[in-house]
Amino acid sequence: MLHNFDVQDFLLNYWQKKPMLISKAFSDPYWLEPSELAGLACEEDVESRIIMQSDQKWQVECGPFEESRFPTLPKRDWTLLVQGLDQWSPEVAEILRSFDFLPSWRLDDIMASYAPVGGTVSQHYDFFDVFLIQGEGSRKWQVGQVCSADSELVPDTSVRILTEFEPKLEVTLEPGDILYIPAKHAHLGVSVENSMTYSVGFRAPSIRDIVDGVATAALEGLKEDERYQDSIEALKAARGNIPEAAITRLREMLSEALTNETLLANWLGEYVTERKYPELELVGESIEDWESLLGEGELIQRNPASRFAYTTFKECLLYVDGTSYKCSAALAEELADRQDLCRQRILDLVSDKQDKSVIANLLESGALVLGDL
């Protein structure tokens, strides 16, 4: 639970509207040591970068890094960024419990950045909402204008830097402070001393993603014999004129094909539960006696790399890692809503073959895990 924070006030007046400073929101914001973050950056499966600035020139190095790289870095003006920490660090994943007032299916990931004095990635903007949580040290932040895809970027550089920056808010974050920055708001952070900042990002599909994804999904169910037909009104137009009635009919056809609620719900459920790193294979196993093991006290947990969501407006569909499963609403709620799964509650809920099959399939896929992670 966040300290000094009114959820209703935030959702009504700040969320996706304007920045907000939450002072001393965490009393003990020391989830990782810098050496632990550097160690993760050396791992093959972990996404990491080092961004350095020297004489107005920017350099980006992508991990994994050798341990010998870090002692050779300069004393200032660089930043180490490590993505997806909620997948790799149980301690960092605990941060998400404090953001349960937002839909879990909107979460992108938790990133951490370590920087000595002067470390920065310059002025930029993101397409997602972000909560910047200060760990150790302090970092000065400026928040500026609302940007768009048309905002001009510095050319010929490996870092996305805005050519124009108009700061409207300036704060220095101390350990435990949070700065919320809505999507598309320009911002600039500079490390005042050796510091660690955790970024909790919430993604949203772009209109391009939506149109492309929904149209692609709709095509699978459309038939070749479903064709445009002339209306009497359209036939009254001159031979070479495409009349408004024809455009209206076209719009009606597109609406019928693309706005089906089941189609939209299925696409969104699959889209938002796609894993951040689908190329990393989950290790699952076929466990025929999983019910007996749960009855004997075995733990059951969600894989931190997996994403769960569900819809219930017509029939209940559970979405896990981009795949849909029919199951009871009670089981879907247990698997997707609760922060900690209860083995006894799951045993009580799986009363039919369909729900039992869902649990077995999720164990086999690796989205659910028996025992410790």
# chains A, B, ... in the order shown; residues from 1 in each chain; ligands from 1
call {"tool": "residues_around", "arguments": {"residues": "Trp267 in chain A", "least_positions_apart": "2", "cutoff": "12 Å", "atoms": "only C-alpha atoms", "output": "number ranges by chain"}}
result
A: 205, 209-218, 258-265, 269-274, 310-311, 317, 319, 322-324
call {"tool": "select_by_dssp", "arguments": {"residues": "range 28-165 of chain A", "states": "strand (DSSP E)", "output": "ChimeraX atom specification"}}
result
/A:48-54,57-62,78-82,107-115,129-134,139-146
call {"tool": "write_last_selection", "arguments": {"atoms": "N, CA and C atoms", "output": "tab-separated table (two decimals), in the first residue's frame"}}
result
chain	number	residue	atom	x	y	z
A	48	SER	N	19.02	-5.49	-21.35
A	48	SER	CA	19.72	-4.43	-20.63
A	48	SER	C	20.46	-3.53	-21.61
A	49	ARG	N	20.73	-2.30	-21.16
A	49	ARG	CA	21.47	-1.32	-21.97
A	49	ARG	C	22.32	-0.44	-21.07
A	50	ILE	N	23.38	0.06	-21.62
A	50	ILE	CA	24.15	1.13	-21.00
A	50	ILE	C	24.13	2.32	-21.95
A	51	ILE	N	23.73	3.48	-21.45
A	51	ILE	CA	23.67	4.70	-22.25
A	51	ILE	C	24.67	5.69	-21.68
A	52	MET	N	25.57	6.18	-22.53
A	52	MET	CA	26.61	7.11	-22.10
A	52	MET	C	26.58	8.37	-22.93
A	53	GLN	N	26.93	9.48	-22.30
A	53	GLN	CA	27.03	10.75	-22.99
A	53	GLN	C	28.41	11.33	-22.79
A	54	SER	N	28.99	11.83	-23.88
A	54	SER	CA	30.30	12.47	-23.81
A	54	SER	C	30.41	13.48	-24.93
A	57	LYS	N	27.73	13.66	-27.50
A	57	LYS	CA	27.55	12.44	-28.29
A	57	LYS	C	27.03	11.34	-27.39
A	58	TRP	N	26.15	10.51	-27.97
A	58	TRP	CA	25.52	9.45	-27.20
A	58	TRP	C	25.95	8.08	-27.71
A	59	GLN	N	26.13	7.18	-26.78
A	59	GLN	CA	26.52	5.82	-27.13
A	59	GLN	C	25.64	4.84	-26.38
A	60	VAL	N	25.13	3.84	-27.08
A	60	VAL	CA	24.28	2.81	-26.47
A	60	VAL	C	24.93	1.46	-26.64
A	61	GLU	N	25.09	0.74	-25.54
A	61	GLU	CA	25.58	-0.63	-25.58
A	61	GLU	C	24.47	-1.55	-25.07
A	62	CYS	N	24.25	-2.64	-25.75
A	62	CYS	CA	23.21	-3.58	-25.35
A	62	CYS	C	23.83	-4.82	-24.72
A	78	TRP	N	26.67	8.18	-17.16
A	78	TRP	CA	26.19	6.97	-17.82
A	78	TRP	C	25.02	6.38	-17.02
A	79	THR	N	24.25	5.54	-17.68
A	79	THR	CA	23.08	4.93	-17.05
A	79	THR	C	22.99	3.47	-17.48
A	80	LEU	N	22.74	2.59	-16.52
A	80	LEU	CA	22.46	1.18	-16.79
A	80	LEU	C	20.97	0.96	-16.65
A	81	LEU	N	20.33	0.41	-17.68
A	81	LEU	CA	18.89	0.13	-17.64
A	81	LEU	C	18.66	-1.37	-17.81
A	82	VAL	N	17.81	-1.93	-16.96
A	82	VAL	CA	17.48	-3.36	-17.03
A	82	VAL	C	15.96	-3.50	-17.05
A	107	LEU	N	-0.33	-3.64	-17.33
A	107	LEU	CA	1.08	-3.56	-16.95
A	107	LEU	C	1.99	-3.95	-18.10
A	108	ASP	N	3.06	-3.17	-18.29
A	108	ASP	CA	4.09	-3.54	-19.24
A	108	ASP	C	5.21	-4.28	-18.50
A	109	ASP	N	5.96	-3.57	-17.68
A	109	ASP	CA	7.00	-4.22	-16.88
A	109	ASP	C	7.55	-3.23	-15.87
A	110	ILE	N	8.48	-3.70	-15.06
A	110	ILE	CA	9.24	-2.83	-14.16
A	110	ILE	C	10.67	-2.78	-14.67
A	111	MET	N	11.15	-1.59	-14.90
A	111	MET	CA	12.53	-1.36	-15.31
A	111	MET	C	13.26	-0.66	-14.19
A	112	ALA	N	14.54	-0.92	-14.06
A	112	ALA	CA	15.36	-0.18	-13.10
A	112	ALA	C	16.51	0.47	-13.84
A	113	SER	N	16.86	1.66	-13.40
A	113	SER	CA	18.02	2.36	-13.97
A	113	SER	C	18.94	2.78	-12.84
A	114	TYR	N	20.20	2.45	-13.00
A	114	TYR	CA	21.23	2.90	-12.05
A	114	TYR	C	22.10	3.91	-12.76
A	115	ALA	N	22.42	5.00	-12.07
A	115	ALA	CA	23.25	6.03	-12.70
A	115	ALA	C	24.11	6.73	-11.64
A	129	ASP	N	2.12	5.17	-19.67
A	129	ASP	CA	2.12	5.83	-18.38
A	129	ASP	C	3.17	5.18	-17.49
A	130	VAL	N	3.85	5.99	-16.69
A	130	VAL	CA	4.94	5.44	-15.89
A	130	VAL	C	4.96	6.06	-14.50
A	131	PHE	N	5.24	5.20	-13.51
A	131	PHE	CA	5.49	5.64	-12.14
A	131	PHE	C	6.99	5.49	-11.88
A	132	LEU	N	7.65	6.59	-11.59
A	132	LEU	CA	9.08	6.57	-11.31
A	132	LEU	C	9.27	6.52	-9.80
A	133	ILE	N	9.81	5.42	-9.31
A	133	ILE	CA	9.98	5.22	-7.88
A	133	ILE	C	11.48	5.37	-7.55
A	134	GLN	N	11.79	6.28	-6.64
A	134	GLN	CA	13.19	6.48	-6.30
A	134	GLN	C	13.63	5.46	-5.26
A	139	ARG	N	17.48	11.85	-7.63
A	139	ARG	CA	17.50	12.15	-9.06
A	139	ARG	C	16.56	13.33	-9.33
A	140	LYS	N	17.04	14.29	-10.12
A	140	LYS	CA	16.23	15.45	-10.45
A	140	LYS	C	15.46	15.19	-11.73
A	141	TRP	N	14.15	15.51	-11.69
A	141	TRP	CA	13.29	15.29	-12.85
A	141	TRP	C	12.62	16.59	-13.26
A	142	GLN	N	12.51	16.76	-14.56
A	142	GLN	CA	11.71	17.83	-15.14
A	142	GLN	C	10.67	17.20	-16.06
A	143	VAL	N	9.45	17.71	-15.99
A	143	VAL	CA	8.38	17.23	-16.86
A	143	VAL	C	7.93	18.40	-17.72
A	144	GLY	N	7.81	18.16	-19.02
A	144	GLY	CA	7.52	19.24	-19.94
A	144	GLY	C	6.23	19.06	-20.72
A	145	GLN	N	6.31	19.44	-21.97
A	145	GLN	CA	5.12	19.53	-22.83
A	145	GLN	C	4.60	18.15	-23.22
A	146	VAL	N	3.34	18.13	-23.68
A	146	VAL	CA	2.74	16.91	-24.23
A	146	VAL	C	3.22	16.76	-25.67
call {"tool": "residues_around", "arguments": {"residues": "Phe99 in chain A", "least_positions_apart": "6", "cutoff": "12 Å", "atoms": "only C-alpha atoms", "output": "MDAnalysis selection string"}}
result
chainID A and resid 1:3 5 7 10:11 25 93 105:107 110 130:131 200:202 339
call {"tool": "write_last_selection", "arguments": {"atoms": "C-alpha atoms", "output": "PDB file, in the first residue's frame"}}
result
ATOM      1  CA  MET A   1       0.000   0.000   0.000  1.00  0.00           C
ATOM      2  CA  LEU A   2       1.329   3.426  -0.951  1.00  0.00           C
ATOM      3  CA  HIS A   3       1.709   6.040   1.771  1.00  0.00           C
ATOM      4  CA  PHE A   5      -1.677   8.604  -1.590  1.00  0.00           C
ATOM      5  CA  VAL A   7      -6.384   6.427  -4.955  1.00  0.00           C
ATOM      6  CA  PHE A  10      -5.419  10.113  -8.357  1.00  0.00           C
ATOM      7  CA  LEU A  11      -7.749   8.229 -10.688  1.00  0.00           C
ATOM      8  CA  ALA A  25       5.150   6.618  -0.832  1.00  0.00           C
ATOM      9  CA  ALA A  93       7.835  -7.979  -8.331  1.00  0.00           C
ATOM     10  CA  TRP A 105      -3.527  -6.460 -17.897  1.00  0.00           C
ATOM     11  CA  ARG A 106      -2.327  -2.903 -18.524  1.00  0.00           C
ATOM     12  CA  LEU A 107       1.079  -3.562 -16.954  1.00  0.00           C
ATOM     13  CA  ILE A 110       9.236  -2.833 -14.163  1.00  0.00           C
ATOM     14  CA  VAL A 130       4.940   5.438 -15.891  1.00  0.00           C
ATOM     15  CA  PHE A 131       5.486   5.638 -12.141  1.00  0.00           C
ATOM     16  CA  VAL A 200       6.546   0.814 -13.412  1.00  0.00           C
ATOM     17  CA  GLY A 201       5.133   1.151 -16.924  1.00  0.00           C
ATOM     18  CA  PHE A 202       1.535   0.635 -18.083  1.00  0.00           C
ATOM     19  CA  GLN A 339      -2.237 -11.659  -6.004  1.00  0.00           C
TER      20      GLN A 339
END
call {"tool": "residues_around", "arguments": {"residues": "Glu164 in chain A", "least_positions_apart": "2", "cutoff": "10 Å", "atoms": "only C-alpha atoms", "output": "list in words"}}
result
Gln123, His124, Gly144, Gln145, Ser151, Glu152, Leu153, Val154, Ile161, Leu162, Glu166, Pro167 and Ala186 of chain A
call {"tool": "select_by_dssp", "arguments": {"residues": "range 139-372 of chain A", "states": "helix (DSSP H, G or I)", "output": "PyMOL selection string"}}
result
chain A and resi 207-219+232-235+244-258+261-272+290-295+329-337+343-349+353-365
call {"tool": "closest_residue", "arguments": {"among": "A:Lys353, A:Arg302, A:Arg249, A:His185", "to": "Arg338 in chain A", "atoms": "only C-alpha atoms"}}
result
A:Arg302
call {"tool": "closest_residue", "arguments": {"among": "A:Glu256, A:Leu250, A:Glu364, A:Ala245", "to": "Val283 in chain A", "atoms": "only C-alpha atoms"}}
result
A:Glu364
